[in-house]
Amino acid sequence: MVWFGCCIVLLVVVGGGSTAVMVEGANVSYDGRSLIIDGQRRILFSGSIHYPRSTPDMWPSLIAKAKQGGLDVIQTYVFWNLHEPQPGQYDFNGRNDIVSFIKQIQEQGLYISLRIGPFIEAEWNYGGLPFWLHDVPGIIFRTNNQPFKRHMQNFTTKIVDMMKAEKLFASQGGPIILSQIENEYTSIEGAFHEDGPRYVNWATEMAVGQNTSEPWMMCKQDDAPDPVINTCNGMRCEETWRGPNSLKKPSLWTENWTSFLQAYGENALVRKPQDLAFHTTLFIIKMNGSFVNYYMYHGGTNFGRTAASYIITAYYDLAPLDEYGIIRQPKYGHLKDMHAAIKLCSQALLYGQLTIENLDQNQDAYVYNISSGECAAFLVNNSSRESVVVFRNSTYSLPSRSISILPGCKTTAFNTAMVSTQVSKRSMQPITRFDSAQQWEEFREVVPQFDQTKLRYDGLLEQTNATKDTSDYLWYTIRMQQNSSEAQYTLRANTRGHVLRTYVNGDLVDSAHGNRKVSNFTSESTISLSTGINNISFLSVMVGLPDSGAYMESKRAGLHEVLIQDVNITSYSWGYQVGLVGEKLSVYNEGPSNISWSQYSSPHTLTWYKTVFDSPKGDEPIALNLGSMGKGEAWINGKSIGRFWVSFKTNVGSPSQTWYNVPRSFLIPTGNLLVLFEEEYGNPLNISLDTVSINKVCGHVSDSHPPPLKSSEPRVLQLWCPHQRNISKIIFASHGNPLGNCESYSIGNCHSASSQQTVEKACLWKRECSISHTTENFGGDPCPGTLKTLLVDAKCE
């Protein structure tokens with residue numbers, strides 16, 4: 001018998017005759033169809049929002065927008081390295097206040113899916129593991145290793161006990177309905193041989209033994225033991241996943257990727273809302289899916305040094321809620337419409353019997369019927385071509401790779417390929433420019449020489465062992481005697497770091513870097529050594545630690561081989577400096593300092609720049625445009641807004657990230673301190689502080705779009721601008737058969753002459769407006785017999 005807390009085991013009839021075991025806890029249980037909350041099966045839509053990737057003042061709005069978008073659940077990881085930065089020392093303040101975050105979710109009537117991990121990956125530094133674990137004697141991460149299991153259990157228990165103390169589990173009346181232990185362990189399980197499955201079994205017993213009374217899950221873990229639910233992560237779980245490993249477990253999709261992670265040097269890849277809606281709906285009908293979590297629903301910001309190796313500071317900015325919390329249309333609205341349509345079918349999906357009717361080649365009808373007579377149908381066109389099908393004596397036009405949702409098996413409420421919501425365009429407008437040299441002061445780092453170092457070692461130290469992840473930077477220095485006259489030599493350095501800068505007698509002679517897909521690289525340069533003592537200094541730079549893989553505790557970083565003219569000097573005596581002088585003196589904080597700042601002169605390597613500015617008026621999000629900088633880190637009033645690496649261009653010659661989020665909660669009314677550390681030759685005189693807003697909205701509706709569920713109402717095009725902005729101009733309006741879409745359009749051969757006038761009358765100087773898509777509204781039919789479309793592009797200000 002499997003159980004959660006106090007339970008009973010019942011036999012229930014599922015899907016019109018099949019038998020499965022239902023395991024019922026106090027408030028949350030599951031069977032083969034879904035999670036069961038207070039005795040009711042539920043279809044649940046969830047979205048990932050990570051509390052430390054936003055700020056507490058943003059949380060209420062993010063949660064409210066998620067709820068408005070049709071979500072039932074917020075899913076978050078728990079970030080071990082934030083909460084236990086040193087053994088037994090805990091931090092749950094500010095952005096780390098997970099209890100406040102969960103309570104705010106509860107206040108707005110949503111559930112929580114809590115992914116404790118405590119290994120989380122998440123493109124987060126060290127996969128969420130605190131670096132001090134690295135130095136625990138005898139430890140091997142994420143396997144049947146007693147030191148790791150002891151610390152993992154201690155932290156898991158700490159989090160569970162906190163949740164219990166605050167009465168946050170559903171069995172206590174709280175919002176937590178589901179918890180996760182471990183994360184995507186299958187990908188490394190084989191590396192540990194028989195200890196892999198032993199660890200999985202131990203983690204299961206440990207988690208269930210916490211007695212939370214709610215179900216536990218393991219994502220991407222096909223061998224998850226009972227009663228833990230195995231779940232799917234990916235883009236197309238209906239194609240790539242085997243499904244639950246037991247008939248009594250529901251189909252849960254833990255990570256439905258709304259976009260793609262992005263590293264420095266990589267282009268942003270867009271996942272279209274039509275693709276998201278298609279695969280989400282197909283998972284629900286094909287895999288009996290009842291829980292779908294969007295990863296991410298709001299990605300947010302990797303503040304400070306929290307991003308994993310090479311990962312940019314903006315995280316999943318192309319999610320339905322962007323980095324700044326702005327609704328990204330049409331992704332947000334299209335999913336919202338899909339959620340509403342599927343919820344209309346929930347009783348049939350959860351309690352009905354499924355039959356699949358073949359309509360044509362690559363076209364099928366998934367039909368759910370329940371004994372009460374309720375019916376829901378999903379017409380699937382899995383072809384690359386548009387198709388016209390007949391279902392129950394009615395004709396339906398299905399766009400390619402689409403699903404039409406028919407609550408009641410008759411009227412189309414939604415089609416996954418037909419976007420009815422508006423398209424919005426985000427813009428950045430400079431509001432404060434830092435273009436005067438008199439605004440800036442500078443402090444230059446000094447390249448250390450061997451004689452100035454206190455840490456010495458015969459050989460090359462592994463970087464993270466030396467820095468303990470307190471800094472991205474480690475200086476390797478060596479002293480060379482040149483007895484003959486000045487000569488040139490080939491200097492070659494092999495490194496497992498991310499960036500390597502080579503200095504000879506204080507002068508930069510080479511810079512090189514790798515990328516996310518290359519674990520090591522070689523820097524090679526021709527150097528000149530003068531007669532006498534020569535100092536060679538290497539600045540090895542890490543851009544985050546790895547976030548995944550087996551034996552993470554054994555992974556090495558930094559220099560591992562140095563040759564001069566093919567003479568290996570790796571084992572020579574080396575001097576080391578951990579971090580930068582400016583870091584040790586906390587020059588990014590205002591206050592007493594031993595630093596003597598100078599007036600800005602010109603761009604230079606390894607330089608700190610500082611200036612002050614007043615907080616912009618209004619409440620729009622703001623961002624720092626660092627397009628003229630190279631690589632480094634930025635601080636506002638002592639708080640790091642993250643690493644920047646503008647000089648690492650993509651294959652199309654543009655930076656992976658130019659704008660960096662400046663939360664308004666980081667600001668004070670006047671005298672805000674901005675500090676930049678620049679490793680290269682970036683120019684601070686060309687940066688600016690910009691407002692972030694929606695300045696254009698576009699929408700279209702056509703005769704082909706599903707009609708309103710109330711058939712007496714006409715199809716309507718709706719436009720709306722953000723808060724405190726109105727529609728100031730109709731850029732384009734055409735009722736007829738306009739060509740193109742919101743990205744590119746023109747008037748077709750059918751066009752109502754009153755299009756512009758009608759739309760302007762309905763919309764100008766309003767924050768939102770609705771225009772009926774009827775020929776009567778536009779003064780008659782300009783071309784009888786032609787399917788009509790209304791396309792409108794408008795400016796917000």
# chains A, B, ... in the order shown; residues from 1 in each chain; ligands from 1
>>> residues_around(residues="Ser420 in chain A", least_positions_apart="5", cutoff="10 Å", atoms="only C-alpha atoms", output="PyMOL selection string")
chain A and resi 330+333-334+337+414-415+699-702+705-706+715-718
>>> residues_around(residues="Val562 in chain A", least_positions_apart="6", cutoff="12 Å", atoms="only C-alpha atoms", output="VMD selection string")
chain A and resid 459 to 460 476 to 478 490 to 495 502 522 to 525 536 to 538 568 to 572 574
>>> write_last_selection(atoms="C-alpha atoms", output="tab-separated table (two decimals), in the first residue's frame")
chain	number	residue	atom	x	y	z
A	459	GLY	CA	52.29	24.42	-9.65
A	460	LEU	CA	48.92	25.66	-10.90
A	476	TYR	CA	48.26	33.49	-11.61
A	477	THR	CA	51.69	35.19	-11.55
A	478	ILE	CA	55.19	33.93	-12.29
A	490	THR	CA	55.61	31.87	-27.99
A	491	LEU	CA	53.50	31.73	-24.85
A	492	ARG	CA	50.74	29.12	-24.77
A	493	ALA	CA	48.31	28.65	-21.89
A	494	ASN	CA	45.67	25.94	-21.64
A	495	THR	CA	42.76	26.70	-19.36
A	502	THR	CA	47.62	37.55	-20.34
A	522	THR	CA	44.06	27.67	-25.44
A	523	SER	CA	45.45	31.19	-25.43
A	524	GLU	CA	48.52	31.65	-27.61
A	525	SER	CA	50.57	34.83	-28.06
A	536	ILE	CA	53.96	37.21	-16.44
A	537	SER	CA	50.45	37.49	-14.98
A	538	PHE	CA	47.34	35.63	-16.06
A	568	ASN	CA	56.45	23.53	-19.75
A	569	ILE	CA	56.55	25.86	-16.77
A	570	THR	CA	53.41	24.48	-15.14
A	571	SER	CA	55.24	23.08	-12.11
A	572	TYR	CA	57.26	26.25	-11.44
A	574	TRP	CA	53.56	30.57	-8.86
>>> atom_distance(atom1="CA of Arg643 in chain A", atom2="CA of Glu553 in chain A")
24.1 Å
>>> select_by_dssp(residues="range 581-763 of chain A", states="strand (DSSP E)", output="ChimeraX atom specification")
/A:598-599,607-613,622-625,631-636,639-645,659-662,672-678,688-702,716-720,727-736,739-740,745-746
>>> residues_around(residues="range 246-253 of chain A", least_positions_apart="3", cutoff="6 Å", atoms="only C-alpha atoms", output="list of chain:residue names")
A:Ala20, A:Val21, A:Asp31, A:Gly32, A:Arg33, A:Ser34, A:Thr231, A:Cys232, A:Gly289, A:Phe291, A:Val292
>>> write_last_selection(atoms="N, CA and C atoms", output="mmCIF file, in the first residue's frame")
data_model
loop_
_atom_site.group_PDB
_atom_site.id
_atom_site.type_symbol
_atom_site.label_atom_id
_atom_site.label_comp_id
_atom_site.auth_asym_id
_atom_site.auth_seq_id
_atom_site.Cartn_x
_atom_site.Cartn_y
_atom_site.Cartn_z
ATOM 1 N N ALA A 20 -8.094 1.545 -11.611
ATOM 2 C CA ALA A 20 -6.805 2.012 -11.116
ATOM 3 C C ALA A 20 -6.902 2.223 -9.622
ATOM 4 N N VAL A 21 -5.763 2.281 -8.976
ATOM 5 C CA VAL A 21 -5.717 2.506 -7.549
ATOM 6 C C VAL A 21 -5.587 3.991 -7.287
ATOM 7 N N ASP A 31 -4.678 9.908 -8.701
ATOM 8 C CA ASP A 31 -4.938 8.628 -9.332
ATOM 9 C C ASP A 31 -4.364 8.700 -10.744
ATOM 10 N N GLY A 32 -4.760 7.774 -11.592
ATOM 11 C CA GLY A 32 -4.194 7.728 -12.930
ATOM 12 C C GLY A 32 -4.658 8.837 -13.847
ATOM 13 N N ARG A 33 -5.608 9.663 -13.410
ATOM 14 C CA ARG A 33 -6.102 10.750 -14.249
ATOM 15 C C ARG A 33 -5.545 12.112 -13.858
ATOM 16 N N SER A 34 -5.337 12.356 -12.554
ATOM 17 C CA SER A 34 -4.918 13.702 -12.157
ATOM 18 C C SER A 34 -4.558 13.734 -10.682
ATOM 19 N N THR A 231 7.834 12.610 -13.736
ATOM 20 C CA THR A 231 7.250 13.643 -14.589
ATOM 21 C C THR A 231 8.154 13.909 -15.788
ATOM 22 N N CYS A 232 7.669 14.761 -16.688
ATOM 23 C CA CYS A 232 8.393 15.060 -17.921
ATOM 24 C C CYS A 232 8.856 16.510 -17.954
ATOM 25 N N GLY A 289 -2.748 14.061 -19.926
ATOM 26 C CA GLY A 289 -2.099 15.051 -19.087
ATOM 27 C C GLY A 289 -3.081 15.898 -18.315
ATOM 28 N N PHE A 291 -1.582 18.150 -15.591
ATOM 29 C CA PHE A 291 -0.800 19.201 -14.930
ATOM 30 C C PHE A 291 0.284 19.625 -15.903
ATOM 31 N N VAL A 292 0.287 20.908 -16.258
ATOM 32 C CA VAL A 292 1.298 21.444 -17.172
ATOM 33 C C VAL A 292 1.909 22.676 -16.522
#
>>> residues_around(residues="Asn27 in chain A", least_positions_apart="5", cutoff="10 Å", atoms="only C-alpha atoms", output="MDAnalysis selection string")
chainID A and resid 4 36:40 169:173 177 213:214
>>> residues_around(residues="Leu178 in chain A", least_positions_apart="2", cutoff="8 Å", atoms="only C-alpha atoms", output="list in words")
Ile112, Ser113, Leu114, Ile176, Gln180, Glu214, Pro215, Trp216 and Met217 of chain A
>>> write_last_selection(atoms="N, CA, C and O atoms", output="PDB file, in the first residue's frame")
ATOM      1  N   ILE A 112       0.839  26.079  -4.845  1.00  0.00           N
ATOM      2  CA  ILE A 112       2.301  26.063  -4.994  1.00  0.00           C
ATOM      3  C   ILE A 112       2.769  24.651  -5.317  1.00  0.00           C
ATOM      4  O   ILE A 112       2.337  23.675  -4.694  1.00  0.00           O
ATOM      5  N   SER A 113       3.663  24.574  -6.295  1.00  0.00           N
ATOM      6  CA  SER A 113       4.436  23.361  -6.557  1.00  0.00           C
ATOM      7  C   SER A 113       5.869  23.684  -6.153  1.00  0.00           C
ATOM      8  O   SER A 113       6.518  24.531  -6.768  1.00  0.00           O
ATOM      9  N   LEU A 114       6.368  23.016  -5.105  1.00  0.00           N
ATOM     10  CA  LEU A 114       7.638  23.373  -4.472  1.00  0.00           C
ATOM     11  C   LEU A 114       8.722  22.366  -4.855  1.00  0.00           C
ATOM     12  O   LEU A 114       8.698  21.223  -4.419  1.00  0.00           O
ATOM     13  N   ILE A 176       0.654  24.551  -0.693  1.00  0.00           N
ATOM     14  CA  ILE A 176       1.596  23.610  -1.306  1.00  0.00           C
ATOM     15  C   ILE A 176       0.896  22.281  -1.552  1.00  0.00           C
ATOM     16  O   ILE A 176       0.531  21.573  -0.606  1.00  0.00           O
ATOM     17  N   GLN A 180       8.905  18.453  -4.868  1.00  0.00           N
ATOM     18  CA  GLN A 180       9.848  17.679  -5.683  1.00  0.00           C
ATOM     19  C   GLN A 180      11.122  17.421  -4.903  1.00  0.00           C
ATOM     20  O   GLN A 180      11.642  18.291  -4.222  1.00  0.00           O
ATOM     21  N   GLU A 214       1.388  15.457   1.335  1.00  0.00           N
ATOM     22  CA  GLU A 214       1.144  15.770  -0.068  1.00  0.00           C
ATOM     23  C   GLU A 214       2.057  14.919  -0.948  1.00  0.00           C
ATOM     24  O   GLU A 214       3.098  14.433  -0.495  1.00  0.00           O
ATOM     25  N   PRO A 215       1.694  14.751  -2.218  1.00  0.00           N
ATOM     26  CA  PRO A 215       2.525  13.930  -3.112  1.00  0.00           C
ATOM     27  C   PRO A 215       3.902  14.569  -3.356  1.00  0.00           C
ATOM     28  O   PRO A 215       4.072  15.786  -3.305  1.00  0.00           O
ATOM     29  N   TRP A 216       4.856  13.693  -3.673  1.00  0.00           N
ATOM     30  CA  TRP A 216       6.197  14.094  -4.099  1.00  0.00           C
ATOM     31  C   TRP A 216       6.384  13.654  -5.542  1.00  0.00           C
ATOM     32  O   TRP A 216       5.775  12.684  -6.005  1.00  0.00           O
ATOM     33  N   MET A 217       7.272  14.367  -6.246  1.00  0.00           N
ATOM     34  CA  MET A 217       7.567  14.009  -7.633  1.00  0.00           C
ATOM     35  C   MET A 217       9.070  14.049  -7.867  1.00  0.00           C
ATOM     36  O   MET A 217       9.825  14.659  -7.111  1.00  0.00           O
TER      37      MET A 217
END
>>> residues_around(residues="Arg271 in chain A", least_positions_apart="4", cutoff="10 Å", atoms="only C-alpha atoms", output="short mmCIF file (atom, residue, chain, number, x, y, z; two decimals) with N, CA and C atoms, in the first residue's frame")
data_model
loop_
_atom_site.label_atom_id
_atom_site.label_comp_id
_atom_site.auth_asym_id
_atom_site.auth_seq_id
_atom_site.Cartn_x
_atom_site.Cartn_y
_atom_site.Cartn_z
N MET A 235 10.08 20.06 -24.57
CA MET A 235 9.24 20.84 -25.47
C MET A 235 8.04 20.06 -25.99
N TRP A 257 8.81 24.21 -21.85
CA TRP A 257 9.68 25.36 -22.09
C TRP A 257 8.99 26.41 -22.94
N THR A 258 8.80 27.58 -22.37
CA THR A 258 8.16 28.68 -23.10
C THR A 258 9.14 29.41 -24.00
N SER A 259 10.42 29.20 -23.77
CA SER A 259 11.48 29.80 -24.55
C SER A 259 12.68 28.88 -24.41
N PHE A 260 13.87 29.43 -24.50
CA PHE A 260 15.07 28.61 -24.37
C PHE A 260 16.11 29.39 -23.57
N ASP A 275 3.06 27.01 -31.26
CA ASP A 275 3.72 25.74 -30.98
C ASP A 275 3.50 25.32 -29.54
N LEU A 276 3.59 26.28 -28.63
CA LEU A 276 3.33 26.00 -27.21
C LEU A 276 1.92 25.45 -27.02
N LEU A 318 11.90 35.83 -22.90
CA LEU A 318 10.84 35.62 -23.88
C LEU A 318 9.67 34.81 -23.33
N ALA A 319 9.60 34.68 -22.01
CA ALA A 319 8.48 33.99 -21.36
C ALA A 319 7.23 34.85 -21.44
N LYS A 331 2.06 35.69 -26.66
CA LYS A 331 2.25 34.41 -25.95
C LYS A 331 1.34 34.31 -24.73
#
>>> residues_around(residues="Thr464 in chain A", least_positions_apart="4", cutoff="8 Å", atoms="only C-alpha atoms", output="PDB file with N, CA and C atoms, in the first residue's frame")
ATOM      1  N   LYS A 468      37.122  29.671  -3.656  1.00  0.00           N
ATOM      2  CA  LYS A 468      35.928  29.228  -2.925  1.00  0.00           C
ATOM      3  C   LYS A 468      34.668  29.919  -3.449  1.00  0.00           C
ATOM      4  N   ASP A 469      34.710  30.283  -4.725  1.00  0.00           N
ATOM      5  CA  ASP A 469      33.605  30.954  -5.400  1.00  0.00           C
ATOM      6  C   ASP A 469      33.237  32.274  -4.723  1.00  0.00           C
ATOM      7  N   ARG A 556      37.301  20.742 -12.579  1.00  0.00           N
ATOM      8  CA  ARG A 556      38.392  21.679 -12.383  1.00  0.00           C
ATOM      9  C   ARG A 556      38.208  22.909 -13.264  1.00  0.00           C
ATOM     10  N   ALA A 557      38.744  24.023 -12.783  1.00  0.00           N
ATOM     11  CA  ALA A 557      38.667  25.281 -13.519  1.00  0.00           C
ATOM     12  C   ALA A 557      40.009  25.992 -13.415  1.00  0.00           C
ATOM     13  N   GLY A 558      40.209  26.939 -14.316  1.00  0.00           N
ATOM     14  CA  GLY A 558      41.429  27.733 -14.281  1.00  0.00           C
ATOM     15  C   GLY A 558      42.549  27.149 -15.120  1.00  0.00           C
TER      16      GLY A 558
END
>>> select_by_dssp(residues="range 317-492 of chain A", states="helix (DSSP H, G or I)", output="VMD selection string")
chain A and resid 331 to 343 346 to 351 437 to 439 450 to 452 463 to 467
>>> write_last_selection(atoms="N, CA, C and O atoms", output="short mmCIF file (atom, residue, chain, number, x, y, z; two decimals), in the first residue's frame")
data_model
loop_
_atom_site.label_atom_id
_atom_site.label_comp_id
_atom_site.auth_asym_id
_atom_site.auth_seq_id
_atom_site.Cartn_x
_atom_site.Cartn_y
_atom_site.Cartn_z
N LYS A 331 2.06 35.69 -26.66
CA LYS A 331 2.25 34.41 -25.95
C LYS A 331 1.34 34.31 -24.73
O LYS A 331 0.65 33.31 -24.51
N TYR A 332 1.33 35.36 -23.93
CA TYR A 332 0.52 35.36 -22.70
C TYR A 332 -0.96 35.18 -23.02
O TYR A 332 -1.64 34.32 -22.45
N GLY A 333 -1.48 36.01 -23.93
CA GLY A 333 -2.91 35.97 -24.23
C GLY A 333 -3.35 34.69 -24.92
O GLY A 333 -4.46 34.20 -24.68
N HIS A 334 -2.50 34.16 -25.81
CA HIS A 334 -2.86 32.93 -26.52
C HIS A 334 -2.97 31.76 -25.54
O HIS A 334 -3.91 30.95 -25.63
N LEU A 335 -2.03 31.68 -24.61
CA LEU A 335 -2.11 30.62 -23.60
C LEU A 335 -3.32 30.82 -22.69
O LEU A 335 -3.99 29.86 -22.30
N LYS A 336 -3.60 32.07 -22.36
CA LYS A 336 -4.78 32.36 -21.52
C LYS A 336 -6.05 31.86 -22.20
O LYS A 336 -6.91 31.23 -21.55
N ASP A 337 -6.18 32.13 -23.49
CA ASP A 337 -7.36 31.67 -24.22
C ASP A 337 -7.42 30.14 -24.26
O ASP A 337 -8.50 29.55 -24.15
N MET A 338 -6.26 29.51 -24.42
CA MET A 338 -6.22 28.04 -24.43
C MET A 338 -6.65 27.47 -23.08
O MET A 338 -7.42 26.51 -23.01
N HIS A 339 -6.14 28.08 -21.99
CA HIS A 339 -6.51 27.60 -20.66
C HIS A 339 -8.02 27.64 -20.48
O HIS A 339 -8.63 26.68 -19.97
N ALA A 340 -8.62 28.75 -20.88
CA ALA A 340 -10.07 28.89 -20.71
C ALA A 340 -10.83 27.84 -21.51
O ALA A 340 -11.80 27.25 -21.02
N ALA A 341 -10.39 27.58 -22.74
CA ALA A 341 -11.08 26.59 -23.58
C ALA A 341 -10.95 25.19 -23.00
O ALA A 341 -11.92 24.42 -22.98
N ILE A 342 -9.75 24.85 -22.54
CA ILE A 342 -9.54 23.50 -21.98
C ILE A 342 -10.33 23.33 -20.68
O ILE A 342 -10.90 22.26 -20.42
N LYS A 343 -10.40 24.39 -19.88
CA LYS A 343 -11.16 24.29 -18.62
C LYS A 343 -12.65 24.03 -18.90
O LYS A 343 -13.33 23.38 -18.10
N SER A 346 -13.02 20.35 -18.91
CA SER A 346 -12.33 19.62 -17.85
C SER A 346 -13.11 18.42 -17.33
O SER A 346 -12.52 17.36 -17.08
N GLN A 347 -14.42 18.53 -17.19
CA GLN A 347 -15.19 17.39 -16.67
C GLN A 347 -15.10 16.20 -17.62
O GLN A 347 -14.90 15.06 -17.20
N ALA A 348 -15.22 16.47 -18.91
CA ALA A 348 -15.14 15.39 -19.89
C ALA A 348 -13.73 14.80 -19.92
O ALA A 348 -13.55 13.58 -20.00
N LEU A 349 -12.71 15.65 -19.84
CA LEU A 349 -11.33 15.16 -19.85
C LEU A 349 -11.01 14.32 -18.64
O LEU A 349 -10.29 13.31 -18.73
N LEU A 350 -11.52 14.69 -17.48
CA LEU A 350 -11.14 14.03 -16.24
C LEU A 350 -12.01 12.81 -15.92
O LEU A 350 -11.55 11.91 -15.21
N TYR A 351 -13.25 12.80 -16.44
CA TYR A 351 -14.16 11.71 -16.07
C TYR A 351 -14.72 10.98 -17.29
O TYR A 351 -15.43 9.99 -17.14
N ALA A 437 32.11 63.27 -19.23
CA ALA A 437 33.27 62.74 -18.50
C ALA A 437 33.31 63.26 -17.08
O ALA A 437 33.82 62.59 -16.17
N GLN A 438 32.74 64.48 -16.85
CA GLN A 438 32.74 65.04 -15.50
C GLN A 438 31.84 64.27 -14.54
O GLN A 438 31.96 64.41 -13.32
N GLN A 439 30.93 63.46 -15.11
CA GLN A 439 30.04 62.66 -14.25
C GLN A 439 30.76 61.48 -13.62
O GLN A 439 30.31 60.95 -12.62
N PHE A 450 54.57 38.80 -9.16
CA PHE A 450 54.86 37.68 -8.29
C PHE A 450 55.27 38.14 -6.89
O PHE A 450 54.79 37.62 -5.88
N ASP A 451 56.13 39.13 -6.80
CA ASP A 451 56.65 39.58 -5.50
C ASP A 451 55.57 40.19 -4.62
O ASP A 451 55.74 40.30 -3.40
N GLN A 452 54.44 40.61 -5.23
CA GLN A 452 53.37 41.24 -4.47
C GLN A 452 52.35 40.24 -3.94
O GLN A 452 51.43 40.62 -3.23
N GLN A 463 41.16 26.66 -9.79
CA GLN A 463 40.65 27.99 -9.48
C GLN A 463 39.60 28.00 -8.37
O GLN A 463 39.68 28.82 -7.44
N THR A 464 38.61 27.13 -8.42
CA THR A 464 37.56 27.21 -7.42
C THR A 464 38.05 26.78 -6.05
O THR A 464 37.53 27.24 -5.02
N ASN A 465 39.06 25.90 -5.98
CA ASN A 465 39.67 25.57 -4.69
C ASN A 465 40.32 26.79 -4.08
O ASN A 465 40.34 26.96 -2.86
N ALA A 466 40.87 27.66 -4.94
CA ALA A 466 41.56 28.85 -4.45
C ALA A 466 40.57 29.96 -4.08
O ALA A 466 40.73 30.64 -3.06
N THR A 467 39.54 30.17 -4.91
CA THR A 467 38.63 31.29 -4.68
C THR A 467 37.46 30.94 -3.78
O THR A 467 36.83 31.84 -3.22
#
>>> closest_residue(among="A:Asn201, A:Ser424, A:Gln724, A:Asn534", to="Ala794 in chain A", atoms="only C-alpha atoms")
A:Ser424
>>> closest_residue(among="A:Ala207, A:Met629, A:Ala376, A:Leu674", to="Ile641 in chain A", atoms="only C-alpha atoms")
A:Leu674
>>> closest_atom_pairs(of="range 396-471 of chain A", to="range 377-389 of chain A", cutoff="7 Å", atoms="only C-alpha atoms", output="CSV")
residue,atom,partner,partner_atom,distance
A:Tyr396,CA,A:Val389,CA,5.4
A:Ser397,CA,A:Val388,CA,4.4
A:Leu398,CA,A:Ser387,CA,5.2
A:Pro399,CA,A:Glu386,CA,4.3
A:Ser400,CA,A:Glu386,CA,4.5
A:Arg401,CA,A:Asn382,CA,4.8
A:Ser402,CA,A:Asn381,CA,5.3
A:Ile403,CA,A:Val380,CA,4.5
A:Ser404,CA,A:Leu379,CA,5.0
A:Ile405,CA,A:Phe378,CA,4.8
A:Leu406,CA,A:Ala377,CA,5.0
A:Pro407,CA,A:Ala377,CA,6.5
A:Cys409,CA,A:Ala377,CA,4.9
>>> atom_distance(atom1="CA of Phe778 in chain A", atom2="CA of Pro714 in chain A")
13.3 Å
>>> atom_distance(atom1="CA of Pro621 in chain A", atom2="CA of Val662 in chain A")
7.6 Å
>>> closest_residue(among="A:Lys164, A:Thr416, A:Val136, A:Glu680", to="Gln274 in chain A", atoms="only C-alpha atoms")
A:Thr416
>>> closest_residue(among="A:Ile105, A:Leu626, A:Ile747, A:Leu44", to="Ile63 in chain A", atoms="only C-alpha atoms")
A:Ile105
>>> closest_residue(among="A:Ser436, A:Ser665, A:Gln68, A:Asn211", to="Ser602 in chain A", atoms="only C-alpha atoms")
A:Ser436
>>> closest_residue(among="A:Ile622, A:Ala634, A:Ala165, A:Ile727", to="Leu764 in chain A", atoms="only C-alpha atoms")
A:Ile727
